[in-house]
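Take a look at the structure below.
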Amino acid sequence: MGKSPQMHSTSSSLPSRCGICGATSYHRVVARDGGGVMRYTERLQCTGCSHEFADVKAWREGACAEPRANAQSA
Ligand SMILES: [Zn+2]
């Protein structure tokens with residue numbers, strides 16, 4: 001009897017962008033392990049503001065783990 005209205009939600013794809021600068025891309029942070037080998041870590045670095053994030057969720061929320069340590073040592 002009762003036909004329920006079909007409300008198709010369009011929330012399938014949330015916008016993926018930095019919560020700080022709005023950039024739409026990031027890249028995985030690479031760091032050296034104990035053996036001096038460059039490896040991908042689980043951290044992300046925004047291509048826009050260069051902040052590091054623990055994961056994609058933090059990136060979207062703009063919850064940066066720490067500002068980019070730009071060491072000026074040659
Ligand atoms: Zn950013």
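Chains: A, B, ... in order of the structure tokens. Residues: from 1 per chain. Ligands: from 1, in order shown.
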Check your understanding: Which residues form the shell of 10 Å around ligand 1 when you count only C-alpha atoms and all ligand atoms, given as a VMD selection string?
Key -> chain A and resid 17 to 26 45 to 53 59 to 60 62 64
Practice item. Just the residues within 7 Å of Thr41 of chain A, please, counting only C-alpha atoms, with nothing from its chain fewer than 4 positions along; format it as JSON, numbers by chain. Key: {"A": [28, 29, 30, 31]}
Exercise for review: Could you check how far atom CA of Ala58 of chain A sits from atom CA of Tyr40 of chain A, in Å to one decimal?
Suggested key: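 We find that atom CA of Ala58 of chain A and atom CA of Tyr40 of chain A lie 17.8 Å from each other.
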